[in-house]
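As stored in upload_21.txt (compact mmCIF, C-alpha atoms and all ligand atoms):
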# COMPACT_ATOMS: atom_id res chain seq x y z
CA MET S 1 -41.35 -32.83 -19.89
CA THR S 2 -39.83 -30.03 -21.93
CA LEU S 3 -39.66 -26.56 -20.45
CA THR S 4 -41.20 -24.02 -22.81
CA GLU S 5 -38.62 -21.45 -23.77
CA GLY S 6 -39.38 -17.90 -22.73
CA ILE S 7 -41.62 -19.06 -19.89
CA PHE S 8 -39.12 -20.66 -17.56
CA PRO S 9 -35.86 -18.98 -16.51
CA ASP S 10 -32.97 -19.54 -18.92
CA THR S 11 -31.21 -21.90 -16.51
CA ALA S 12 -34.26 -24.07 -15.73
CA ASN S 13 -34.04 -27.82 -16.22
CA VAL S 14 -35.44 -31.04 -14.88
CA SER S 15 -33.18 -33.07 -12.59
CA PRO S 16 -32.80 -36.85 -12.96
CA THR S 17 -35.09 -37.19 -9.93
CA GLY S 18 -37.86 -35.33 -11.78
CA HIS S 19 -37.50 -32.08 -9.86
CA LEU S 20 -37.57 -28.61 -11.37
CA ALA S 21 -34.18 -26.92 -10.95
CA VAL S 22 -33.19 -23.31 -11.59
CA GLY S 23 -29.75 -21.71 -11.42
CA GLY S 24 -28.34 -25.09 -10.38
CA SER S 25 -30.66 -25.32 -7.35
CA ASP S 26 -33.34 -27.96 -6.86
CA LEU S 27 -36.59 -26.07 -6.18
CA VAL S 28 -38.00 -28.90 -4.07
CA GLU S 29 -34.97 -28.63 -1.83
CA LEU S 30 -35.27 -24.81 -1.68
CA ALA S 31 -38.96 -25.05 -0.74
CA GLY S 32 -38.02 -27.46 2.03
CA ARG S 33 -35.29 -25.16 3.28
CA TYR S 34 -37.07 -21.79 3.10
CA GLY S 35 -40.73 -22.81 3.30
CA THR S 36 -43.56 -21.83 0.96
CA PRO S 37 -44.85 -19.71 -0.63
CA LEU S 38 -41.39 -18.94 -1.91
CA TYR S 39 -40.33 -16.66 -4.76
CA VAL S 40 -37.18 -17.81 -6.54
CA TYR S 41 -35.34 -15.47 -8.92
CA ASP S 42 -32.70 -16.58 -11.40
CA GLU S 43 -29.93 -13.98 -11.53
CA ALA S 44 -28.58 -15.21 -14.89
CA THR S 45 -31.94 -14.60 -16.60
CA ILE S 46 -32.13 -11.00 -15.38
CA ARG S 47 -28.57 -10.30 -16.48
CA ALA S 48 -29.21 -11.89 -19.88
CA ARG S 49 -32.35 -9.77 -20.44
CA ALA S 50 -30.57 -6.58 -19.38
CA ARG S 51 -27.73 -7.29 -21.82
CA ALA S 52 -30.13 -8.18 -24.62
CA PHE S 53 -32.01 -4.87 -24.24
CA ARG S 54 -28.77 -2.87 -24.09
CA THR S 55 -27.44 -4.66 -27.16
CA ALA S 56 -30.73 -3.99 -28.96
CA LEU S 57 -30.11 -0.23 -28.67
CA ALA S 58 -26.43 -0.40 -29.57
CA GLY S 59 -26.97 0.69 -33.19
CA TYR S 60 -28.89 3.85 -32.26
CA PRO S 61 -26.98 6.94 -33.39
CA ALA S 62 -27.05 8.86 -30.05
CA ARG S 63 -26.80 8.07 -26.34
CA THR S 64 -29.11 5.32 -25.07
CA THR S 65 -30.25 4.18 -21.64
CA VAL S 66 -32.23 1.09 -20.72
CA CYS S 67 -34.09 2.13 -17.56
CA TYR S 68 -35.48 -0.61 -15.37
CA ALA S 69 -39.01 0.34 -14.29
CA ALA S 70 -38.71 -0.46 -10.58
CA LYS S 71 -42.48 -0.76 -10.17
CA ALA S 72 -42.20 -4.27 -11.67
CA TYR S 73 -40.30 -5.38 -8.57
CA CYS S 74 -38.30 -3.14 -6.29
CA ALA S 75 -35.80 -4.52 -3.81
CA PRO S 76 -32.21 -3.55 -2.98
CA TRP S 77 -30.71 -6.69 -4.52
CA ILE S 78 -32.41 -6.23 -7.88
CA LEU S 79 -31.57 -2.54 -8.09
CA ARG S 80 -27.92 -3.39 -7.37
CA LEU S 81 -28.03 -5.91 -10.16
CA ALA S 82 -29.61 -3.33 -12.49
CA ALA S 83 -26.81 -0.90 -11.64
CA GLU S 84 -24.17 -3.56 -12.28
CA GLU S 85 -25.71 -4.20 -15.69
CA GLY S 86 -25.46 -0.50 -16.59
CA LEU S 87 -29.19 0.17 -16.51
CA GLY S 88 -30.91 3.40 -15.55
CA LEU S 89 -33.90 3.38 -13.22
CA ASP S 90 -37.48 4.64 -13.16
CA VAL S 91 -39.07 5.26 -9.80
CA VAL S 92 -42.57 6.44 -8.92
CA SER S 93 -42.47 7.01 -5.18
CA SER S 94 -40.28 8.07 -2.29
CA GLY S 95 -40.18 4.40 -1.24
CA GLU S 96 -38.71 3.29 -4.56
CA LEU S 97 -36.31 6.24 -4.47
CA HIS S 98 -35.29 5.38 -0.91
CA THR S 99 -34.63 1.76 -1.96
CA ALA S 100 -32.54 2.98 -4.88
CA ALA S 101 -30.51 5.23 -2.57
CA LEU S 102 -30.01 2.33 -0.16
CA ALA S 103 -28.86 0.13 -3.05
CA GLY S 104 -26.34 2.83 -4.00
CA PHE S 105 -27.98 3.47 -7.37
CA ALA S 106 -26.39 6.52 -9.06
CA SER S 107 -29.06 9.21 -8.69
CA GLU S 108 -28.26 10.91 -12.00
CA ARG S 109 -29.42 7.68 -13.70
CA ILE S 110 -32.83 7.82 -11.99
CA SER S 111 -36.02 9.25 -13.51
CA PHE S 112 -38.86 10.16 -11.16
CA HIS S 113 -42.30 9.44 -12.64
CA GLY S 114 -45.81 9.67 -11.23
CA ASN S 115 -49.11 11.44 -11.85
CA ASN S 116 -49.35 12.91 -8.36
CA LYS S 117 -45.96 13.25 -6.74
CA THR S 118 -46.24 14.65 -3.24
CA GLU S 119 -44.43 17.76 -2.04
CA ASP S 120 -42.19 15.53 0.05
CA GLU S 121 -41.38 13.36 -2.94
CA LEU S 122 -40.44 16.36 -5.07
CA GLU S 123 -38.29 17.62 -2.21
CA MET S 124 -36.58 14.24 -1.93
CA ALA S 125 -36.02 14.01 -5.69
CA LEU S 126 -34.31 17.41 -5.64
CA ARG S 127 -32.30 16.63 -2.52
CA LEU S 128 -31.02 13.36 -3.97
CA ARG S 129 -30.36 15.08 -7.32
CA VAL S 130 -32.29 12.61 -9.46
CA GLY S 131 -31.38 12.79 -13.14
CA ARG S 132 -34.86 13.51 -14.49
CA VAL S 133 -38.27 14.41 -13.14
CA VAL S 134 -40.97 13.37 -15.60
CA ILE S 135 -43.64 16.05 -15.26
CA ASP S 136 -47.21 14.82 -15.51
CA ASN S 137 -49.45 17.84 -14.86
CA LEU S 138 -49.56 21.63 -14.74
CA GLU S 139 -49.62 21.91 -10.96
CA GLU S 140 -46.42 19.91 -10.70
CA ILE S 141 -44.53 22.45 -12.82
CA GLY S 142 -45.00 25.29 -10.33
CA ARG S 143 -44.47 23.04 -7.33
CA LEU S 144 -41.22 21.61 -8.65
CA ALA S 145 -39.91 24.92 -9.99
CA ASP S 146 -40.54 26.72 -6.66
CA ARG S 147 -38.71 24.04 -4.74
CA ALA S 148 -35.86 23.82 -7.22
CA THR S 149 -35.46 27.61 -7.08
CA ALA S 150 -35.42 27.54 -3.27
CA ALA S 151 -32.84 24.73 -3.31
CA GLY S 152 -30.70 26.51 -5.91
CA VAL S 153 -30.96 23.51 -8.23
CA ARG S 154 -31.60 23.41 -11.98
CA GLN S 155 -33.65 20.25 -12.45
CA ALA S 156 -33.69 18.39 -15.77
CA VAL S 157 -37.25 17.45 -16.70
CA LEU S 158 -39.21 15.61 -19.37
CA LEU S 159 -42.87 16.27 -20.13
CA ARG S 160 -45.10 13.23 -20.20
CA VAL S 161 -47.21 13.26 -23.33
CA SER S 162 -50.39 11.21 -23.51
CA PRO S 163 -50.12 9.97 -27.08
CA GLY S 164 -53.79 9.03 -27.56
CA VAL S 165 -52.87 5.50 -28.61
CA THR S 166 -55.04 2.54 -27.68
CA ALA S 167 -52.97 -0.62 -27.56
CA HIS S 168 -54.47 -4.11 -27.68
CA THR S 169 -54.10 -4.86 -24.02
CA HIS S 170 -56.32 -4.97 -20.93
CA THR S 171 -57.83 -1.55 -20.20
CA HIS S 172 -56.16 -1.49 -16.77
CA LEU S 173 -52.79 -1.86 -18.51
CA GLN S 174 -53.33 1.00 -20.96
CA THR S 175 -51.77 4.29 -20.03
CA GLY S 176 -51.49 6.19 -23.29
CA ALA S 177 -55.11 6.24 -24.50
CA VAL S 178 -57.14 9.43 -24.90
CA ASP S 179 -59.04 8.77 -21.66
CA THR S 180 -56.14 8.40 -19.25
CA LYS S 181 -54.99 9.98 -16.01
CA PHE S 182 -51.38 10.09 -17.20
CA GLY S 183 -49.60 12.91 -18.96
CA PHE S 184 -50.52 15.94 -21.05
CA GLY S 185 -53.06 15.59 -23.83
CA PRO S 186 -52.69 17.47 -27.13
CA ASP S 187 -54.64 20.52 -25.92
CA VAL S 188 -52.41 21.32 -22.97
CA VAL S 189 -48.94 20.11 -23.84
CA GLY S 190 -48.05 23.46 -25.48
CA ALA S 191 -49.12 25.36 -22.35
CA ALA S 192 -47.14 22.92 -20.22
CA ALA S 193 -44.02 23.45 -22.32
CA ARG S 194 -44.42 27.23 -22.09
CA ALA S 195 -44.82 27.01 -18.32
CA VAL S 196 -41.65 24.92 -17.99
CA LEU S 197 -39.68 27.19 -20.33
CA SER S 198 -40.68 30.19 -18.23
CA ARG S 199 -39.02 28.71 -15.14
CA PRO S 200 -35.21 28.95 -15.21
CA ALA S 201 -34.95 26.32 -12.45
CA LEU S 202 -36.31 23.72 -14.87
CA ASP S 203 -34.33 22.43 -17.84
CA LEU S 204 -36.75 20.95 -20.40
CA ARG S 205 -34.77 18.13 -22.00
CA GLY S 206 -37.47 16.30 -23.88
CA LEU S 207 -40.57 14.17 -23.89
CA HIS S 208 -41.77 10.91 -22.43
CA ALA S 209 -44.71 8.68 -23.35
CA HIS S 210 -45.85 5.26 -22.21
CA ILE S 211 -48.71 3.46 -23.90
CA GLY S 212 -49.29 0.53 -21.58
CA SER S 213 -48.08 -2.96 -20.81
CA GLN S 214 -47.92 -6.34 -22.53
CA ILE S 215 -47.60 -4.77 -25.97
CA GLY S 216 -46.07 -7.14 -28.48
CA GLU S 217 -46.98 -5.45 -31.77
CA LEU S 218 -45.04 -2.60 -33.31
CA GLU S 219 -47.96 -0.42 -34.50
CA PRO S 220 -48.86 1.12 -31.11
CA TYR S 221 -45.22 2.05 -30.50
CA ALA S 222 -44.99 3.53 -34.00
CA ALA S 223 -48.16 5.58 -33.48
CA SER S 224 -46.95 6.81 -30.11
CA ILE S 225 -43.49 7.78 -31.40
CA GLU S 226 -45.06 9.64 -34.31
CA ARG S 227 -47.29 11.56 -31.89
CA VAL S 228 -44.39 12.35 -29.56
CA PHE S 229 -42.34 13.79 -32.42
CA ALA S 230 -45.27 15.85 -33.64
CA VAL S 231 -45.42 17.34 -30.13
CA ALA S 232 -41.64 17.72 -30.05
CA GLN S 233 -41.78 19.72 -33.28
CA GLU S 234 -44.57 21.89 -31.88
CA ILE S 235 -42.74 22.74 -28.69
CA ALA S 236 -39.39 23.17 -30.45
CA ARG S 237 -41.10 26.13 -32.13
CA LEU S 238 -41.70 27.55 -28.66
CA GLY S 239 -37.96 27.50 -28.06
CA ALA S 240 -37.55 24.09 -26.41
CA ASP S 241 -34.36 22.23 -27.26
CA ILE S 242 -35.54 18.61 -27.44
CA ARG S 243 -32.54 16.45 -26.66
CA GLU S 244 -34.17 13.32 -25.22
CA ILE S 245 -37.04 11.01 -26.04
CA SER S 246 -38.33 8.31 -23.73
CA PRO S 247 -40.96 6.15 -25.41
CA GLY S 248 -41.67 4.15 -22.23
CA GLY S 249 -41.90 0.44 -21.58
CA GLY S 250 -44.61 -2.09 -22.19
CA TYR S 251 -42.54 -4.85 -23.82
CA ALA S 252 -44.66 -7.99 -23.67
CA VAL S 253 -43.64 -11.32 -22.19
CA ARG S 254 -45.17 -14.78 -22.59
CA TYR S 255 -47.03 -16.22 -19.64
CA ARG S 256 -48.31 -19.50 -21.10
CA PRO S 257 -47.05 -21.91 -23.74
CA GLY S 258 -49.96 -20.92 -26.03
CA ASP S 259 -49.13 -17.19 -25.91
CA PRO S 260 -47.49 -15.71 -29.01
CA VAL S 261 -43.71 -15.71 -28.98
CA VAL S 262 -42.45 -12.20 -28.27
CA ASP S 263 -39.00 -10.75 -28.67
CA GLY S 264 -38.77 -7.78 -26.29
CA PRO S 265 -35.26 -6.73 -27.32
CA GLY S 266 -36.30 -7.11 -30.97
CA ILE S 267 -39.17 -4.67 -30.36
CA ALA S 268 -36.76 -2.31 -28.60
CA ARG S 269 -34.46 -2.40 -31.65
CA GLU S 270 -37.42 -1.42 -33.84
CA VAL S 271 -38.45 1.31 -31.39
CA ALA S 272 -34.92 2.75 -31.63
CA ARG S 273 -35.06 2.61 -35.41
CA MET S 274 -38.47 4.35 -35.43
CA VAL S 275 -37.24 7.08 -33.08
CA ALA S 276 -34.22 7.78 -35.29
CA GLU S 277 -36.41 7.85 -38.38
CA SER S 278 -39.12 10.03 -36.82
CA SER S 279 -36.55 12.53 -35.63
CA ARG S 280 -35.21 12.82 -39.19
CA LEU S 281 -38.70 13.09 -40.71
CA HIS S 282 -39.63 15.82 -38.24
CA GLY S 283 -36.61 17.87 -39.15
CA PHE S 284 -34.41 17.35 -36.11
CA ALA S 285 -30.77 18.03 -36.94
CA ARG S 286 -29.64 15.02 -34.95
CA PRO S 287 -31.46 12.19 -33.18
CA PRO S 288 -32.25 12.83 -29.52
CA ASP S 289 -30.82 10.65 -26.76
CA LEU S 290 -33.07 7.66 -26.22
CA ALA S 291 -34.26 6.01 -22.99
CA ILE S 292 -36.51 2.98 -22.89
CA GLU S 293 -38.21 1.64 -19.76
CA PRO S 294 -38.85 -2.10 -19.71
CA GLY S 295 -40.07 -3.41 -16.39
CA ARG S 296 -41.67 -6.79 -16.76
CA ALA S 297 -39.57 -7.82 -19.77
CA LEU S 298 -36.41 -7.52 -17.66
CA VAL S 299 -37.55 -9.54 -14.65
CA ALA S 300 -40.84 -11.44 -15.16
CA THR S 301 -39.39 -14.63 -16.62
CA SER S 302 -36.61 -14.80 -14.03
CA GLY S 303 -39.10 -15.41 -11.20
CA ILE S 304 -40.94 -18.57 -10.14
CA ALA S 305 -43.54 -18.72 -7.37
CA LEU S 306 -43.57 -21.96 -5.36
CA TYR S 307 -46.64 -23.04 -3.42
CA ARG S 308 -47.43 -26.13 -1.35
CA VAL S 309 -50.67 -27.97 -2.08
CA GLY S 310 -52.84 -28.19 1.04
CA SER S 311 -55.99 -29.83 -0.29
CA VAL S 312 -57.58 -31.11 -3.48
CA LYS S 313 -61.34 -30.67 -3.76
CA GLU S 314 -63.18 -32.31 -6.62
CA LEU S 315 -66.56 -30.91 -7.66
CA PRO S 316 -67.81 -33.70 -9.92
CA ARG S 317 -68.44 -32.54 -13.50
CA VAL S 318 -67.55 -28.96 -12.50
CA ARG S 319 -63.92 -28.45 -11.54
CA THR S 320 -61.19 -29.73 -9.25
CA TYR S 321 -59.74 -27.06 -6.97
CA VAL S 322 -56.15 -27.52 -5.87
CA ALA S 323 -55.69 -25.21 -2.89
CA VAL S 324 -52.22 -23.75 -2.34
CA ASP S 325 -50.71 -21.72 0.50
CA GLY S 326 -50.49 -18.42 -1.44
CA GLY S 327 -52.77 -16.62 -3.85
CA MET S 328 -54.15 -13.16 -4.48
CA ALA S 329 -52.11 -11.47 -1.75
CA ASP S 330 -48.81 -12.43 -3.42
CA ASN S 331 -50.20 -12.37 -6.97
CA ILE S 332 -53.17 -10.07 -7.49
CA ARG S 333 -52.97 -10.14 -11.29
CA PRO S 334 -55.44 -12.98 -11.99
CA THR S 335 -58.02 -11.44 -9.62
CA ALA S 336 -57.40 -7.82 -10.66
CA TYR S 337 -57.44 -8.21 -14.41
CA GLY S 338 -57.84 -11.82 -15.38
CA ALA S 339 -54.14 -12.50 -16.01
CA GLU S 340 -53.54 -16.10 -17.04
CA TYR S 341 -50.70 -18.38 -16.03
CA THR S 342 -49.47 -21.92 -16.39
CA ALA S 343 -48.10 -24.13 -13.61
CA VAL S 344 -46.19 -27.37 -13.11
CA LEU S 345 -45.67 -29.74 -10.21
CA ALA S 346 -42.04 -29.02 -9.36
CA ASN S 347 -41.60 -32.33 -7.52
CA ARG S 348 -43.17 -34.48 -10.29
CA MET S 349 -41.88 -33.02 -13.53
CA GLN S 350 -41.71 -36.38 -15.29
CA ASP S 351 -45.27 -37.46 -14.47
CA PRO S 352 -47.68 -37.14 -17.40
CA ALA S 353 -50.51 -34.61 -17.34
CA GLU S 354 -53.75 -36.39 -16.37
CA ALA S 355 -56.49 -33.78 -16.29
CA THR S 356 -57.30 -30.07 -15.99
CA PHE S 357 -57.20 -28.45 -12.55
CA ALA S 358 -57.84 -25.05 -10.98
CA ILE S 359 -55.16 -23.64 -8.68
CA ALA S 360 -56.99 -21.84 -5.88
CA GLY S 361 -55.44 -19.43 -3.41
CA ARG S 362 -55.87 -19.51 0.36
CA TYR S 363 -57.51 -16.10 0.77
CA CYS S 364 -61.11 -15.47 1.74
CA GLU S 365 -62.38 -14.31 -1.64
CA SER S 366 -64.03 -16.60 -4.15
CA GLY S 367 -62.14 -14.65 -6.84
CA ASP S 368 -58.86 -15.83 -5.36
CA VAL S 369 -58.09 -18.38 -8.06
CA LEU S 370 -54.57 -18.16 -9.48
CA ILE S 371 -55.24 -20.39 -12.49
CA ARG S 372 -58.69 -21.50 -13.70
CA GLU S 373 -57.45 -24.29 -15.94
CA VAL S 374 -54.11 -25.99 -16.16
CA ARG S 375 -53.28 -29.50 -17.30
CA MET S 376 -50.98 -31.40 -14.96
CA PRO S 377 -50.54 -34.69 -13.12
CA ARG S 378 -53.27 -35.14 -10.48
CA PRO S 379 -51.92 -33.16 -7.50
CA VAL S 380 -52.03 -34.43 -3.93
CA ALA S 381 -51.50 -32.60 -0.65
CA GLY S 382 -47.81 -31.89 -0.18
CA ASP S 383 -47.01 -31.46 -3.88
CA LEU S 384 -45.17 -28.34 -4.93
CA VAL S 385 -46.86 -26.09 -7.51
CA ALA S 386 -44.47 -23.86 -9.47
CA VAL S 387 -45.90 -20.86 -11.33
CA PRO S 388 -43.42 -19.46 -13.85
CA VAL S 389 -43.25 -15.83 -15.06
CA SER S 390 -43.81 -14.62 -11.51
CA GLY S 391 -40.99 -12.08 -11.39
CA ALA S 392 -42.93 -8.87 -12.14
CA TYR S 393 -45.95 -7.22 -10.53
CA HIS S 394 -46.43 -9.99 -7.97
CA LEU S 395 -44.37 -9.07 -4.92
CA ALA S 396 -44.50 -5.44 -6.07
CA MET S 397 -48.28 -5.53 -5.60
CA ALA S 398 -48.34 -7.97 -2.69
CA SER S 399 -50.44 -7.28 0.39
CA ASN S 400 -51.05 -8.72 3.82
CA TYR S 401 -54.69 -9.43 3.07
CA ASN S 402 -56.21 -11.68 5.74
CA MET S 403 -53.18 -10.72 7.87
CA VAL S 404 -51.01 -13.28 6.13
CA PRO S 405 -47.24 -12.66 6.14
CA ARG S 406 -45.67 -12.12 2.71
CA PRO S 407 -43.38 -14.80 1.19
CA ALA S 408 -39.62 -15.12 1.37
CA VAL S 409 -37.48 -14.43 -1.70
CA VAL S 410 -34.40 -16.37 -2.77
CA VAL S 411 -31.98 -15.60 -5.60
CA VAL S 412 -30.27 -18.55 -7.28
CA GLU S 413 -27.06 -18.44 -9.22
CA GLN S 414 -24.64 -21.18 -10.30
CA GLY S 415 -25.79 -23.70 -7.73
CA GLY S 416 -25.92 -21.17 -4.89
CA ALA S 417 -29.06 -19.74 -3.31
CA ARG S 418 -29.19 -16.62 -1.17
CA LEU S 419 -32.11 -15.34 0.86
CA VAL S 420 -32.78 -11.73 -0.14
CA ARG S 421 -36.01 -11.29 1.79
CA ARG S 422 -36.98 -13.34 4.80
CA ARG S 423 -40.53 -14.54 5.25
CA GLU S 424 -42.58 -12.02 7.22
CA THR S 425 -43.78 -13.03 10.67
CA ASN S 426 -47.09 -12.37 12.38
CA ASP S 427 -45.28 -9.76 14.49
CA ASP S 428 -44.12 -7.97 11.32
CA LEU S 429 -47.78 -7.46 10.48
CA LEU S 430 -48.25 -5.34 13.58
CA THR S 431 -45.08 -3.22 13.53
CA SER S 432 -46.94 -0.07 12.47
CA ASP S 433 -49.96 -0.49 14.69
CA VAL S 434 -50.19 1.76 17.70
CA VAL S 435 -51.49 -0.59 20.37
C1 LIG S 501 -43.95 5.17 -17.31
C2 LIG S 501 -43.79 3.71 -17.31
N1 LIG S 501 -42.65 3.17 -17.79
C3 LIG S 501 -42.45 1.82 -17.80
C4 LIG S 501 -43.39 0.96 -17.31
C5 LIG S 501 -43.09 -0.50 -17.33
O1 LIG S 501 -44.00 -1.22 -18.07
P1 LIG S 501 -43.72 -2.76 -18.36
O2 LIG S 501 -43.39 -3.40 -17.07
O3 LIG S 501 -44.97 -3.26 -18.94
O4 LIG S 501 -42.56 -2.79 -19.30
C6 LIG S 501 -44.60 1.46 -16.81
C7 LIG S 501 -45.62 0.53 -16.29
O5 LIG S 501 -46.73 0.84 -15.99
C8 LIG S 501 -44.80 2.88 -16.80
O6 LIG S 501 -45.92 3.42 -16.31
Could the structure of this file be written out as structure tokens, please?
Ligand SMILES: Cc1ncc(COP(=O)(O)O)c(C=O)c1O
Amino acid sequence: MTLTEGIFPDTANVSPTGHLAVGGSDLVELAGRYGTPLYVYDEATIRARARAFRTALAGYPARTTVCYAAKAYCAPWILRLAAEEGLGLDVVSSGELHTAALAGFASERISFHGNNKTEDELEMALRLRVGRVVIDNLEEIGRLADRATAAGVRQAVLLRVSPGVTAHTHTHLQTGAVDTKFGFGPDVVGAAARAVLSRPALDLRGLHAHIGSQIGELEPYAASIERVFAVAQEIARLGADIREISPGGGYAVRYRPGDPVVDGPGIAREVARMVAESSRLHGFARPPDLAIEPGRALVATSGIALYRVGSVKELPRVRTYVAVDGGMADNIRPTAYGAEYTAVLANRMQDPAEATFAIAGRYCESGDVLIREVRMPRPVAGDLVAVPVSGAYHLAMASNYNMVPRPAVVVVEQGGARLVRRRETNDDLLTSDVV
């Protein structure tokens, strides 16, 4: 079979024995060695995406930063890789910040986001000297300024603008619409800017906006950038010196062969062009520095989830359920918002597709179905199901539902495979319980 481009990692191929291989490693062999469910990441794909996004911004006429949005998947190894590739980093919690510190990520390249950062998180951000705090609400301004004053720090901040743009994506993935918990709407952003400007401990560098995820068209980005510059012009009149614009992430990826082809770096190039043009049209003497924040587009396609088939249950004239040893606890996306995936049998890549099957998870919820319909050879117990595009928002959202240990993670590169997260044990599940 041919591997659809943009769905499998760049290094994926089918071995002469009919096995799926990635990064020079046979996935059937890896599943045997490390057990299942197993998440396999291809280092070369992540590096290639990081370089493509950086190259996409190369023509922009001021400083640019590609910030990896760590919420997509946060682990020391991937943050180290992001640092090696010259990326910046977005974090949204003390846990992500702690991981970044552990990975040795340069703190001045970190932006701290979040719509309700705790006092402790603000304290930690100041202590670690993060590069930017992205302010989301009025209360945060006073809280951060008081702490920065007490610490004798002048903290660089951006204001998060809610651009009022509705993108064509699932409502749970929209963050920039009018009805959203994120950022400052048009009525309050002026007051927020005034409040920041009145606090010498805060250095208002610019504005941030994020409209949502899985956005493959240019119009929503264009509308958001236009709105951000209108706000920038308004607050420049209040005395703010707008030197940075961060129009967020949201670069779409393909999950299934039928999905439209998307070119994330191509969209980023257009975003950069639109930012430069908007800054000129709104009378800025020179374009602001630009940061973009892809999460999924940097890592999703590099990851494959491997599951072992335990049983095959045929409901005549209804559906055939292929039950695997993972499911909604390692990938909540299908259950949470109807995300759709494809799958292959990694140990039988040369067998022809015979029928349509449902891939069911092992968790005690009838909604725990990873894929409702996928064409493949008729699976039998012991087969290995591989779900591509599993690198983002799977492990990052994983739980121990039903008290099931979370999967192991392996990184493959040039024929080598290294374990970067061991499989959890039943004892791990109880480490925080006070017995
Ligand atoms: C502020 C911000 N930046 C970047 C991202 C990354 O989005 P994506 O992974 O869709 O690129 C998100 C995701 O929710 C976000 O909230």
Next item on the list: Rank S:Val40, S:Ala69, S:Ala106, S:Ala192 by their smallest atom-to-atom distance to ligand LIG 501 (chain S), using all atoms listed in the file, and report the top residue only.
Entry: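 Between S:Val40, S:Ala69, S:Ala106, S:Ala192, the residue approaching ligand LIG 501 (chain S) most closely is S:Ala69.
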Between chain S and ligand LIG 501 (chain S), at 10 Å or less, what are the per-residue closest atom pairs and their distances in Å? Count all atoms listed in the file, order by chain and rising residue number, and return it as a Markdown table.
| residue | atom | partner | partner_atom | distance |
| --- | --- | --- | --- | --- |
| S:Cys67 | CA | S:LIG501 | C3 | 8.4 |
| S:Tyr68 | CA | S:LIG501 | C3 | 7.8 |
| S:Ala69 | CA | S:LIG501 | C3 | 5.1 |
| S:Ala70 | CA | S:LIG501 | C5 | 8.0 |
| S:Lys71 | CA | S:LIG501 | C7 | 7.0 |
| S:Ala72 | CA | S:LIG501 | O2 | 5.6 |
| S:Tyr73 | CA | S:LIG501 | O2 | 9.3 |
| S:Leu89 | CA | S:LIG501 | C3 | 9.8 |
| S:Asp90 | CA | S:LIG501 | N1 | 7.1 |
| S:Val91 | CA | S:LIG501 | C1 | 9.0 |
| S:Val92 | CA | S:LIG501 | C1 | 8.6 |
| S:Ser111 | CA | S:LIG501 | C1 | 9.7 |
| S:Phe112 | CA | S:LIG501 | C1 | 9.4 |
| S:His113 | CA | S:LIG501 | C1 | 6.5 |
| S:Gly114 | CA | S:LIG501 | C1 | 7.8 |
| S:Asn115 | CA | S:LIG501 | O6 | 9.7 |
| S:Val134 | CA | S:LIG501 | C1 | 8.9 |
| S:Arg160 | CA | S:LIG501 | C1 | 8.6 |
| S:His172 | CA | S:LIG501 | O5 | 9.7 |
| S:Leu173 | CA | S:LIG501 | O5 | 7.1 |
| S:Gln174 | CA | S:LIG501 | O5 | 8.3 |
| S:Thr175 | CA | S:LIG501 | O6 | 7.0 |
| S:Gly176 | CA | S:LIG501 | O6 | 9.3 |
| S:Phe182 | CA | S:LIG501 | O6 | 8.7 |
| S:Gly183 | CA | S:LIG501 | C1 | 9.7 |
| S:His208 | CA | S:LIG501 | C1 | 8.0 |
| S:Ala209 | CA | S:LIG501 | C1 | 7.0 |
| S:His210 | CA | S:LIG501 | C1 | 5.3 |
| S:Ile211 | CA | S:LIG501 | O6 | 8.1 |
| S:Gly212 | CA | S:LIG501 | O5 | 6.2 |
| S:Ser213 | CA | S:LIG501 | O3 | 3.6 |
| S:Gln214 | CA | S:LIG501 | O3 | 5.6 |
| S:Ile215 | CA | S:LIG501 | O3 | 7.7 |
| S:Ser246 | CA | S:LIG501 | N1 | 9.0 |
| S:Pro247 | CA | S:LIG501 | N1 | 8.4 |
| S:Gly248 | CA | S:LIG501 | N1 | 4.7 |
| S:Gly249 | CA | S:LIG501 | O4 | 4.0 |
| S:Gly250 | CA | S:LIG501 | O3 | 3.5 |
| S:Tyr251 | CA | S:LIG501 | O4 | 5.0 |
| S:Ala252 | CA | S:LIG501 | O3 | 6.7 |
| S:Val253 | CA | S:LIG501 | O3 | 8.8 |
| S:Gly264 | CA | S:LIG501 | O4 | 9.4 |
| S:Ile292 | CA | S:LIG501 | C3 | 7.9 |
| S:Glu293 | CA | S:LIG501 | C3 | 4.7 |
| S:Pro294 | CA | S:LIG501 | O4 | 3.8 |
| S:Gly295 | CA | S:LIG501 | O2 | 3.4 |
| S:Arg296 | CA | S:LIG501 | O2 | 3.8 |
| S:Ala297 | CA | S:LIG501 | O4 | 5.9 |
| S:Leu298 | CA | S:LIG501 | O4 | 7.9 |
| S:Val299 | CA | S:LIG501 | O2 | 8.8 |
| S:Ala300 | CA | S:LIG501 | O2 | 8.6 |
| S:Ala392 | CA | S:LIG501 | O2 | 7.4 |
| S:Tyr393 | CA | S:LIG501 | O2 | 8.0 |
Could I get the residues of range 51-103 of chain S with an atom no further than 9 Å from an atom of range 408-432 of chain S, each paired with its nearest atom pair and that distance in Å to one decimal, using all atoms listed in the file, sorted by chain and residue number, as CSV?
residue,atom,partner,partner_atom,distance
S:Ala75,CA,S:Val420,CA,8.6
S:Pro76,CA,S:Val420,CA,8.7
S:Trp77,CA,S:Val420,CA,7.0
Output for the residues just chosen: C-alpha atoms as a JSON list (two decimals), in the frame of the given file:
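What ended up in part.json:
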[["chain", "number", "residue", "atom", "x", "y", "z"],
["S", 75, "ALA", "CA", -35.80, -4.52, -3.81],
["S", 76, "PRO", "CA", -32.21, -3.55, -2.98],
["S", 77, "TRP", "CA", -30.71, -6.69, -4.52]]
